[in-house]
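Dropping upload_10.pdb in here (PDB, C-alpha atoms):
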```pdb
MODEL        1
ATOM      1  CA  MET A  10      89.938 115.963 -88.332  1.00  0.00           C
ATOM      2  CA  LEU A  11      92.166 117.089 -91.231  1.00  0.00           C
ATOM      3  CA  ALA A  12      89.966 120.131 -91.825  1.00  0.00           C
ATOM      4  CA  GLY A  13      89.835 121.018 -88.138  1.00  0.00           C
ATOM      5  CA  ILE A  14      86.048 120.728 -87.843  1.00  0.00           C
ATOM      6  CA  SER A  15      83.853 118.334 -85.945  1.00  0.00           C
ATOM      7  CA  ALA A  16      82.354 115.247 -87.525  1.00  0.00           C
ATOM      8  CA  GLU A  17      78.907 116.536 -86.559  1.00  0.00           C
ATOM      9  CA  TYR A  18      79.405 119.804 -88.414  1.00  0.00           C
ATOM     10  CA  TYR A  19      80.821 118.026 -91.455  1.00  0.00           C
ATOM     11  CA  LEU A  20      77.736 115.783 -91.510  1.00  0.00           C
ATOM     12  CA  ARG A  21      75.516 118.889 -91.399  1.00  0.00           C
ATOM     13  CA  LEU A  22      77.418 120.290 -94.369  1.00  0.00           C
ATOM     14  CA  GLU A  23      77.017 117.076 -96.352  1.00  0.00           C
ATOM     15  CA  ARG A  24      73.282 117.002 -95.703  1.00  0.00           C
ATOM     16  CA  GLY A  25      72.815 120.682 -96.527  1.00  0.00           C
ATOM     17  CA  ARG A  26      71.754 121.677 -93.009  1.00  0.00           C
ATOM     18  CA  ALA A  27      74.673 124.091 -92.515  1.00  0.00           C
ATOM     19  CA  GLN A  28      73.821 126.790 -95.016  1.00  0.00           C
ATOM     20  CA  HIS A  29      76.617 129.327 -94.656  1.00  0.00           C
ATOM     21  CA  PRO A  30      80.057 127.820 -93.983  1.00  0.00           C
ATOM     22  CA  SER A  31      82.799 130.420 -93.768  1.00  0.00           C
ATOM     23  CA  PRO A  32      85.454 130.783 -96.505  1.00  0.00           C
ATOM     24  CA  GLN A  33      88.015 129.548 -93.992  1.00  0.00           C
ATOM     25  CA  ILE A  34      86.095 126.313 -93.479  1.00  0.00           C
ATOM     26  CA  ILE A  35      85.741 125.834 -97.239  1.00  0.00           C
ATOM     27  CA  ASP A  36      89.496 126.315 -97.687  1.00  0.00           C
ATOM     28  CA  ALA A  37      90.188 123.846 -94.877  1.00  0.00           C
ATOM     29  CA  LEU A  38      87.912 121.257 -96.475  1.00  0.00           C
ATOM     30  CA  ALA A  39      89.543 121.811 -99.862  1.00  0.00           C
ATOM     31  CA  ARG A  40      92.990 121.214 -98.361  1.00  0.00           C
ATOM     32  CA  ALA A  41      91.787 118.084 -96.563  1.00  0.00           C
ATOM     33  CA  LEU A  42      90.237 116.759 -99.771  1.00  0.00           C
ATOM     34  CA  GLN A  43      93.348 117.757-101.762  1.00  0.00           C
ATOM     35  CA  LEU A  44      91.294 119.696-104.302  1.00  0.00           C
ATOM     36  CA  ASP A  45      93.032 121.649-107.048  1.00  0.00           C
ATOM     37  CA  ARG A  46      92.478 125.373-107.620  1.00  0.00           C
ATOM     38  CA  LYS A  47      89.483 124.966-109.935  1.00  0.00           C
ATOM     39  CA  ALA A  48      87.742 122.459-107.676  1.00  0.00           C
ATOM     40  CA  THR A  49      88.350 124.720-104.677  1.00  0.00           C
ATOM     41  CA  ARG A  50      86.799 127.669-106.530  1.00  0.00           C
ATOM     42  CA  TYR A  51      83.848 125.448-107.451  1.00  0.00           C
ATOM     43  CA  LEU A  52      83.409 124.488-103.779  1.00  0.00           C
ATOM     44  CA  HIS A  53      83.346 128.176-102.798  1.00  0.00           C
ATOM     45  CA  ASP A  54      80.770 128.851-105.514  1.00  0.00           C
ATOM     46  CA  LEU A  55      78.528 126.075-104.224  1.00  0.00           C
ATOM     47  CA  ALA A  56      78.798 127.362-100.655  1.00  0.00           C
ATOM     48  CA  ALA A  57      78.091 130.993-101.570  1.00  0.00           C
ATOM     49  CA  PRO A  58      76.720 131.291-105.117  1.00  0.00           C
ATOM     50  CA  ASP A  59      76.393 134.796-106.483  1.00  0.00           C
ATOM     51  CA  GLY A  60      73.159 133.853-108.206  1.00  0.00           C
ATOM     52  CA  GLY A  61      74.470 134.787-111.621  1.00  0.00           C
ATOM     53  CA  ASP A  62      72.583 136.502-114.381  1.00  0.00           C
ATOM     54  CA  THR A  63      70.309 133.874-115.899  1.00  0.00           C
ATOM     55  CA  SER A  64      68.948 136.193-118.580  1.00  0.00           C
ATOM     56  CA  GLU A  65      70.175 135.652-122.116  1.00  0.00           C
ATOM     57  CA  PRO A  66      72.886 138.189-122.924  1.00  0.00           C
ATOM     58  CA  GLU A  67      72.933 140.050-126.212  1.00  0.00           C
ATOM     59  CA  VAL A  68      76.229 138.981-127.728  1.00  0.00           C
ATOM     60  CA  ALA A  69      76.058 141.825-130.244  1.00  0.00           C
ATOM     61  CA  ALA A  70      76.159 144.326-127.385  1.00  0.00           C
ATOM     62  CA  HIS A  71      79.519 142.926-126.287  1.00  0.00           C
ATOM     63  CA  GLY A  72      81.062 143.389-129.715  1.00  0.00           C
ATOM     64  CA  LEU A  73      82.577 139.912-129.405  1.00  0.00           C
ATOM     65  CA  ALA A  74      81.050 138.687-132.667  1.00  0.00           C
ATOM     66  CA  GLU A  75      82.939 141.371-134.559  1.00  0.00           C
ATOM     67  CA  VAL A  76      86.125 140.692-132.597  1.00  0.00           C
ATOM     68  CA  ILE A  77      86.265 136.969-133.347  1.00  0.00           C
ATOM     69  CA  ASP A  78      85.549 137.642-137.025  1.00  0.00           C
ATOM     70  CA  GLU A  79      88.991 139.254-137.127  1.00  0.00           C
ATOM     71  CA  PHE A  80      90.654 136.055-135.871  1.00  0.00           C
ATOM     72  CA  LEU A  81      92.450 133.853-138.398  1.00  0.00           C
ATOM     73  CA  ILE A  82      91.797 130.767-136.252  1.00  0.00           C
ATOM     74  CA  PRO A  83      88.460 129.114-135.398  1.00  0.00           C
ATOM     75  CA  ALA A  84      86.807 131.052-132.566  1.00  0.00           C
ATOM     76  CA  MET A  85      83.340 131.178-131.051  1.00  0.00           C
ATOM     77  CA  VAL A  86      81.480 132.857-128.183  1.00  0.00           C
ATOM     78  CA  VAL A  87      79.745 130.410-125.843  1.00  0.00           C
ATOM     79  CA  ASN A  88      77.663 130.996-122.719  1.00  0.00           C
ATOM     80  CA  ARG A  89      77.582 129.006-119.477  1.00  0.00           C
ATOM     81  CA  TYR A  90      75.099 126.526-120.971  1.00  0.00           C
ATOM     82  CA  ARG A  91      77.481 125.863-123.878  1.00  0.00           C
ATOM     83  CA  ASP A  92      75.141 127.559-126.359  1.00  0.00           C
ATOM     84  CA  VAL A  93      77.084 128.971-129.310  1.00  0.00           C
ATOM     85  CA  LEU A  94      76.208 132.678-129.424  1.00  0.00           C
ATOM     86  CA  ALA A  95      78.528 133.608-132.296  1.00  0.00           C
ATOM     87  CA  ALA A  96      81.211 131.946-134.421  1.00  0.00           C
ATOM     88  CA  ASN A  97      83.594 133.179-137.094  1.00  0.00           C
ATOM     89  CA  PRO A  98      83.433 131.674-140.601  1.00  0.00           C
ATOM     90  CA  ILE A  99      86.343 129.269-140.186  1.00  0.00           C
ATOM     91  CA  ALA A 100      84.825 127.897-136.958  1.00  0.00           C
ATOM     92  CA  ARG A 101      81.523 127.269-138.728  1.00  0.00           C
ATOM     93  CA  ALA A 102      83.423 125.537-141.529  1.00  0.00           C
ATOM     94  CA  LEU A 103      85.348 123.421-139.031  1.00  0.00           C
ATOM     95  CA  SER A 104      82.334 121.718-137.453  1.00  0.00           C
ATOM     96  CA  PRO A 105      78.525 121.953-137.191  1.00  0.00           C
ATOM     97  CA  GLU A 106      79.127 121.975-133.423  1.00  0.00           C
ATOM     98  CA  PHE A 107      80.124 125.631-133.794  1.00  0.00           C
ATOM     99  CA  THR A 108      76.988 126.814-135.588  1.00  0.00           C
ATOM    100  CA  PRO A 109      75.364 129.791-133.805  1.00  0.00           C
ATOM    101  CA  GLY A 110      72.270 128.548-131.996  1.00  0.00           C
ATOM    102  CA  GLN A 111      73.769 125.092-131.468  1.00  0.00           C
ATOM    103  CA  ASN A 112      74.357 123.722-127.987  1.00  0.00           C
ATOM    104  CA  SER A 113      77.892 122.414-128.373  1.00  0.00           C
ATOM    105  CA  LEU A 114      77.698 120.023-125.430  1.00  0.00           C
ATOM    106  CA  ARG A 115      74.453 118.482-126.655  1.00  0.00           C
ATOM    107  CA  TRP A 116      75.959 118.062-130.137  1.00  0.00           C
ATOM    108  CA  ARG A 117      79.191 116.549-128.838  1.00  0.00           C
ATOM    109  CA  LEU A 118      77.378 113.991-126.690  1.00  0.00           C
ATOM    110  CA  LEU A 119      74.383 113.081-128.844  1.00  0.00           C
ATOM    111  CA  ASP A 120      75.177 113.674-132.520  1.00  0.00           C
ATOM    112  CA  PRO A 121      76.735 110.585-134.183  1.00  0.00           C
ATOM    113  CA  THR A 122      78.875 112.914-136.314  1.00  0.00           C
ATOM    114  CA  ALA A 123      80.746 113.968-133.181  1.00  0.00           C
ATOM    115  CA  ARG A 124      82.246 110.499-132.783  1.00  0.00           C
ATOM    116  CA  GLU A 125      83.659 110.763-136.292  1.00  0.00           C
ATOM    117  CA  PHE A 126      84.861 114.346-135.870  1.00  0.00           C
ATOM    118  CA  TYR A 127      86.625 113.866-132.523  1.00  0.00           C
ATOM    119  CA  VAL A 128      89.095 111.018-132.913  1.00  0.00           C
ATOM    120  CA  ASN A 129      89.372 110.843-129.111  1.00  0.00           C
ATOM    121  CA  TRP A 130      85.680 111.320-128.397  1.00  0.00           C
ATOM    122  CA  ASP A 131      85.998 110.114-124.791  1.00  0.00           C
ATOM    123  CA  GLU A 132      88.468 112.875-123.972  1.00  0.00           C
ATOM    124  CA  ALA A 133      86.464 115.497-125.881  1.00  0.00           C
ATOM    125  CA  THR A 134      83.327 114.706-123.885  1.00  0.00           C
ATOM    126  CA  GLU A 135      85.221 114.645-120.571  1.00  0.00           C
ATOM    127  CA  ILE A 136      86.568 118.149-121.220  1.00  0.00           C
ATOM    128  CA  ALA A 137      83.162 119.528-122.180  1.00  0.00           C
ATOM    129  CA  VAL A 138      81.308 118.055-119.190  1.00  0.00           C
ATOM    130  CA  SER A 139      83.927 119.056-116.607  1.00  0.00           C
ATOM    131  CA  GLY A 140      83.834 122.552-118.111  1.00  0.00           C
ATOM    132  CA  LEU A 141      80.049 122.662-117.682  1.00  0.00           C
ATOM    133  CA  ARG A 142      80.403 121.637-114.029  1.00  0.00           C
ATOM    134  CA  GLU A 143      82.798 124.519-113.440  1.00  0.00           C
ATOM    135  CA  LEU A 144      80.419 127.003-115.080  1.00  0.00           C
ATOM    136  CA  SER A 145      77.407 125.628-113.202  1.00  0.00           C
ATOM    137  CA  GLY A 146      79.033 126.237-109.816  1.00  0.00           C
ATOM    138  CA  THR A 147      78.216 129.947-109.894  1.00  0.00           C
ATOM    139  CA  CYS A 148      74.506 129.285-110.478  1.00  0.00           C
ATOM    140  CA  PRO A 149      73.544 125.981-108.773  1.00  0.00           C
ATOM    141  CA  ASN A 150      69.906 127.084-108.495  1.00  0.00           C
ATOM    142  CA  ASP A 151      69.573 128.302-112.089  1.00  0.00           C
ATOM    143  CA  PRO A 152      66.496 126.465-113.441  1.00  0.00           C
ATOM    144  CA  ARG A 153      67.814 126.436-116.996  1.00  0.00           C
ATOM    145  CA  MET A 154      71.122 124.907-115.916  1.00  0.00           C
ATOM    146  CA  ARG A 155      69.274 122.297-113.869  1.00  0.00           C
ATOM    147  CA  ALA A 156      67.027 121.510-116.840  1.00  0.00           C
ATOM    148  CA  LEU A 157      70.049 121.074-119.144  1.00  0.00           C
ATOM    149  CA  ILE A 158      71.779 118.730-116.694  1.00  0.00           C
ATOM    150  CA  ALA A 159      68.573 116.711-116.267  1.00  0.00           C
ATOM    151  CA  GLU A 160      68.043 116.524-120.031  1.00  0.00           C
ATOM    152  CA  LEU A 161      71.577 115.314-120.742  1.00  0.00           C
ATOM    153  CA  SER A 162      71.456 112.867-117.832  1.00  0.00           C
ATOM    154  CA  ASP A 163      68.347 111.289-119.338  1.00  0.00           C
ATOM    155  CA  ALA A 164      69.657 111.294-122.905  1.00  0.00           C
ATOM    156  CA  SER A 165      73.297 110.277-122.473  1.00  0.00           C
ATOM    157  CA  THR A 166      74.836 107.523-120.374  1.00  0.00           C
ATOM    158  CA  ARG A 167      78.200 109.090-121.208  1.00  0.00           C
ATOM    159  CA  PHE A 168      77.117 112.379-119.614  1.00  0.00           C
ATOM    160  CA  ARG A 169      75.916 110.604-116.466  1.00  0.00           C
ATOM    161  CA  GLU A 170      79.184 108.703-116.201  1.00  0.00           C
ATOM    162  CA  ILE A 171      81.330 111.838-116.428  1.00  0.00           C
ATOM    163  CA  TRP A 172      79.032 114.034-114.335  1.00  0.00           C
ATOM    164  CA  ASP A 173      79.122 111.518-111.481  1.00  0.00           C
ATOM    165  CA  ARG A 174      82.922 111.798-111.342  1.00  0.00           C
ATOM    166  CA  ALA A 175      82.519 115.463-110.355  1.00  0.00           C
ATOM    167  CA  ASP A 176      85.642 116.567-112.246  1.00  0.00           C
ATOM    168  CA  VAL A 177      85.805 120.366-112.379  1.00  0.00           C
ATOM    169  CA  GLY A 178      87.304 122.679-114.954  1.00  0.00           C
ATOM    170  CA  TYR A 179      88.073 123.155-118.622  1.00  0.00           C
ATOM    171  CA  ARG A 180      91.454 121.659-119.530  1.00  0.00           C
ATOM    172  CA  LEU A 181      93.878 123.078-122.045  1.00  0.00           C
ATOM    173  CA  GLY A 182      95.408 120.627-124.469  1.00  0.00           C
ATOM    174  CA  LEU A 183      95.189 119.212-127.961  1.00  0.00           C
ATOM    175  CA  HIS A 184      92.156 117.982-129.893  1.00  0.00           C
ATOM    176  CA  HIS A 185      92.593 115.444-132.683  1.00  0.00           C
ATOM    177  CA  MET A 186      89.863 116.190-135.232  1.00  0.00           C
ATOM    178  CA  ARG A 187      88.961 114.551-138.534  1.00  0.00           C
ATOM    179  CA  HIS A 188      87.354 116.903-141.055  1.00  0.00           C
ATOM    180  CA  PRO A 189      85.566 115.467-144.120  1.00  0.00           C
ATOM    181  CA  GLN A 190      87.205 118.008-146.477  1.00  0.00           C
ATOM    182  CA  VAL A 191      90.653 118.839-145.087  1.00  0.00           C
ATOM    183  CA  GLY A 192      91.421 115.632-143.201  1.00  0.00           C
ATOM    184  CA  GLU A 193      93.282 115.276-139.901  1.00  0.00           C
ATOM    185  CA  LEU A 194      93.804 118.292-137.638  1.00  0.00           C
ATOM    186  CA  TYR A 195      95.611 118.583-134.316  1.00  0.00           C
ATOM    187  CA  LEU A 196      94.407 121.823-132.734  1.00  0.00           C
ATOM    188  CA  TYR A 197      95.258 123.365-129.383  1.00  0.00           C
ATOM    189  CA  ARG A 198      92.187 124.504-127.475  1.00  0.00           C
ATOM    190  CA  HIS A 199      92.084 127.770-125.506  1.00  0.00           C
ATOM    191  CA  ARG A 200      89.432 129.542-123.450  1.00  0.00           C
ATOM    192  CA  LEU A 201      89.131 133.245-122.661  1.00  0.00           C
ATOM    193  CA  ASN A 202      86.554 134.196-120.050  1.00  0.00           C
ATOM    194  CA  ALA A 203      84.659 137.400-120.768  1.00  0.00           C
ATOM    195  CA  PRO A 204      83.397 139.586-117.898  1.00  0.00           C
ATOM    196  CA  TYR A 205      79.828 139.608-119.145  1.00  0.00           C
ATOM    197  CA  PRO A 206      76.530 138.187-117.832  1.00  0.00           C
ATOM    198  CA  GLY A 207      75.645 134.649-118.770  1.00  0.00           C
ATOM    199  CA  GLY A 208      79.115 133.170-118.213  1.00  0.00           C
ATOM    200  CA  ASP A 209      80.144 134.107-121.755  1.00  0.00           C
ATOM    201  CA  HIS A 210      83.576 132.962-122.873  1.00  0.00           C
ATOM    202  CA  VAL A 211      85.543 132.650-126.090  1.00  0.00           C
ATOM    203  CA  LEU A 212      86.798 129.278-127.321  1.00  0.00           C
ATOM    204  CA  MET A 213      89.631 129.206-129.848  1.00  0.00           C
ATOM    205  CA  TYR A 214      91.525 126.487-131.695  1.00  0.00           C
ATOM    206  CA  ARG A 215      95.027 126.997-133.118  1.00  0.00           C
ATOM    207  CA  ALA A 216      97.501 124.794-134.967  1.00  0.00           C
ATOM    208  CA  GLU A 217     101.251 124.498-134.560  1.00  0.00           C
ATOM    209  CA  PRO A 218     102.822 126.983-137.030  1.00  0.00           C
ATOM    210  CA  GLY A 219     104.092 125.291-140.191  1.00  0.00           C
ATOM    211  CA  SER A 220     102.357 122.007-139.398  1.00  0.00           C
ATOM    212  CA  ASP A 221     100.041 119.957-141.603  1.00  0.00           C
ATOM    213  CA  SER A 222      97.206 121.106-139.342  1.00  0.00           C
ATOM    214  CA  ALA A 223      98.103 124.752-140.007  1.00  0.00           C
ATOM    215  CA  ARG A 224      98.015 124.090-143.736  1.00  0.00           C
ATOM    216  CA  ALA A 225      94.663 122.331-143.348  1.00  0.00           C
ATOM    217  CA  LEU A 226      93.316 125.396-141.539  1.00  0.00           C
ATOM    218  CA  ASP A 227      94.536 127.559-144.437  1.00  0.00           C
ATOM    219  CA  VAL A 228      92.512 125.400-146.836  1.00  0.00           C
ATOM    220  CA  LEU A 229      89.509 125.544-144.524  1.00  0.00           C
ATOM    221  CA  ARG A 230      89.837 129.323-144.301  1.00  0.00           C
ATOM    222  CA  SER A 231      89.774 129.558-148.090  1.00  0.00           C
ATOM    223  CA  LEU A 232      86.726 127.327-148.268  1.00  0.00           C
ATOM    224  CA  SER A 233      84.896 129.396-145.651  1.00  0.00           C
ATOM    225  CA  ALA A 234      85.785 132.650-147.439  1.00  0.00           C
ATOM    226  CA  ALA A 235      84.316 131.290-150.665  1.00  0.00           C
ATOM    227  CA  GLN A 236      80.979 130.627-149.000  1.00  0.00           C
ATOM    228  CA  ALA A 237      78.291 133.284-148.735  1.00  0.00           C
ATOM    229  CA  PRO A 238      78.336 135.061-145.352  1.00  0.00           C
ATOM    230  CA  THR A 239      75.816 133.878-142.795  1.00  0.00           C
ATOM    231  CA  THR A 240      74.439 135.418-139.643  1.00  0.00           C
ATOM    232  CA  ARG A 241      77.080 135.422-136.939  1.00  0.00           C
ATOM    233  CA  SER A 242      74.941 135.693-133.856  1.00  0.00           C
ATOM    234  CA  ALA A 243      72.493 133.139-132.577  1.00  0.00           C
ATOM    235  CA  PRO A 244      68.797 133.798-132.315  1.00  0.00           C
ATOM    236  CA  THR A 245      67.490 134.305-128.824  1.00  0.00           C
ATOM    237  CA  LEU A 246      67.667 130.973-127.037  1.00  0.00           C
ATOM    238  CA  GLY A 247      64.827 129.945-124.816  1.00  0.00           C
TER
ENDMDL
END
```
Taking this structure as input, can you express it in the form of structure tokens?
Amino acid sequence: MLAGISAEYYLRLERGRAQHPSPQIIDALARALQLDRKATRYLHDLAAPDGGDTSEPEVAAHGLAEVIDEFLIPAMVVNRYRDVLAANPIARALSPEFTPGQNSLRWRLLDPTAREFYVNWDEATEIAVSGLRELSGTCPNDPRMRALIAELSDASTRFREIWDRADVGYRLGLHHMRHPQVGELYLYRHRLNAPYPGGDHVLMYRAEPGSDSARALDVLRSLSAAQAPTTRSAPTLG
């Protein structure tokens, strides 16, 4: 009634028998359900997915690996599956989660080190899973995305709990991290979406200027500079 459609048509939508609802109907449903902007966009994606490019992009072709190497803050390039495609030295020194070739969501949910690194692990996992749901909306039939969701559902009760809430969207805010060498860090998280295939985006973490966390990042930057350079880009991920 609130959306201005019949109960019969709504039931057909729920059961997947109405395949092509109009954008106007989707907007009406979003208003009736009081969805926010990200959840509304996700609903549109589910109703009319663009298919997406499921092939593995070549991060080197984007030049993003070289760009983030110029950043003084931890930064990495991640695709829609949360695979780390490239990371600058300070990001790699910050956490093994940001190692090229690593799936950051799998690490955050399943690696015991993640519970020690993220002081508020519950919040850190909520943010990662709701971000994956947002990215999956553009490719609901992508077999690799489906396989990742199935794998994590089997392996992690925490993933199943969050996924069932159907929260949508990456949230800005502050991560409290505990590093074995430089101690406590409070870092603001940011995401920049890149207009490239594969849902690539850049994740960055910055500290409040002049804070203890900023000084800890300075120490971490020095430690990473002292280490031998490693390959920035991930190997091809299957």
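Taking atom CA of A:Asn97 and atom CA of A:Ala123 as endpoints, the distance between them is 19.8 Å.
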Quick one: apply the PyMOL selection byres ((chain A and resi 170) around 12) to the file and drop the selected residues here as a PyMOL selection string.
-> chain A and resi 118+131+134-135+138-139+161-169+171-176
Got a sec to resolve the PyMOL selection byres ((chain A and resi 130) around 12) on this structure and send the residues as a PDB file with C-alpha atoms, in the frame of the given file?
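Resulting contents of result35.pdb:
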```
ATOM      1  CA  TRP A 116      75.959 118.062-130.137  1.00  0.00           C
ATOM      2  CA  ARG A 117      79.191 116.549-128.838  1.00  0.00           C
ATOM      3  CA  LEU A 118      77.378 113.991-126.690  1.00  0.00           C
ATOM      4  CA  LEU A 119      74.383 113.081-128.844  1.00  0.00           C
ATOM      5  CA  ASP A 120      75.177 113.674-132.520  1.00  0.00           C
ATOM      6  CA  PRO A 121      76.735 110.585-134.183  1.00  0.00           C
ATOM      7  CA  THR A 122      78.875 112.914-136.314  1.00  0.00           C
ATOM      8  CA  ALA A 123      80.746 113.968-133.181  1.00  0.00           C
ATOM      9  CA  ARG A 124      82.246 110.499-132.783  1.00  0.00           C
ATOM     10  CA  GLU A 125      83.659 110.763-136.292  1.00  0.00           C
ATOM     11  CA  PHE A 126      84.861 114.346-135.870  1.00  0.00           C
ATOM     12  CA  TYR A 127      86.625 113.866-132.523  1.00  0.00           C
ATOM     13  CA  VAL A 128      89.095 111.018-132.913  1.00  0.00           C
ATOM     14  CA  ASN A 129      89.372 110.843-129.111  1.00  0.00           C
ATOM     15  CA  ASP A 131      85.998 110.114-124.791  1.00  0.00           C
ATOM     16  CA  GLU A 132      88.468 112.875-123.972  1.00  0.00           C
ATOM     17  CA  ALA A 133      86.464 115.497-125.881  1.00  0.00           C
ATOM     18  CA  THR A 134      83.327 114.706-123.885  1.00  0.00           C
ATOM     19  CA  GLU A 135      85.221 114.645-120.571  1.00  0.00           C
ATOM     20  CA  ILE A 136      86.568 118.149-121.220  1.00  0.00           C
ATOM     21  CA  ALA A 137      83.162 119.528-122.180  1.00  0.00           C
ATOM     22  CA  ARG A 167      78.200 109.090-121.208  1.00  0.00           C
ATOM     23  CA  HIS A 184      92.156 117.982-129.893  1.00  0.00           C
ATOM     24  CA  HIS A 185      92.593 115.444-132.683  1.00  0.00           C
ATOM     25  CA  MET A 186      89.863 116.190-135.232  1.00  0.00           C
ATOM     26  CA  ARG A 187      88.961 114.551-138.534  1.00  0.00           C
TER      27      ARG A 187
END
```
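You will find atom CA of A:Ala102 at 25.7 Å from atom CA of A:Gly207.
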Counting all atoms listed in the file, figure out which residue out of A:Leu226, A:Ala159, A:Leu141, A:Ala84 gets nearest to A:Gly178.
-> A:Leu141
Taking the file above as input, evaluate the PyMOL selection byres ((chain A and resi 197) around 7) and report the hits as number ranges by chain.
-> A: 182-184, 195-196, 198-199, 214-216
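Of the listed residues A:Ala12, A:Leu42, A:Val191, A:Leu144, the one whose atoms come nearest to A:Ser104 is A:Val191, with distances taken using only C-alpha atoms.
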Where's the centre, and what are the edge lengths in Å to one decimal, of a box along x, y and z enclosing all listed atoms of stretch 207-218 of chain A padded 5 Å per side, as AutoDock Vina command-line options?
```
--center_x 89.2 --center_y 129.6 --center_z -127.6 --size_x 37.2 --size_y 20.2 --size_z 28.8
```
Please indicate the distance in Å from atom CA of A:Pro32 to atom CA of A:Tyr90, rounded to one decimal place.
-> 26.9 Å
Determine, counting only C-alpha atoms, which protein, DNA and RNA residues have an atom within 7 Å of an atom of A:Asn112; residues of the same chain fewer than 5 positions away are not included. Present the result as a list in words.
->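 The contact residues come out as Arg91, Asp92 and Val93 of chain A.
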Excluding A:Met10 and any residue of its chain fewer than 5 positions from it, enumerate the residues within 10 Å of it, using only C-alpha atoms, and give them as a list in words.
-> Ser15, Ala16, Tyr19, Leu38 and Ala41 of chain A
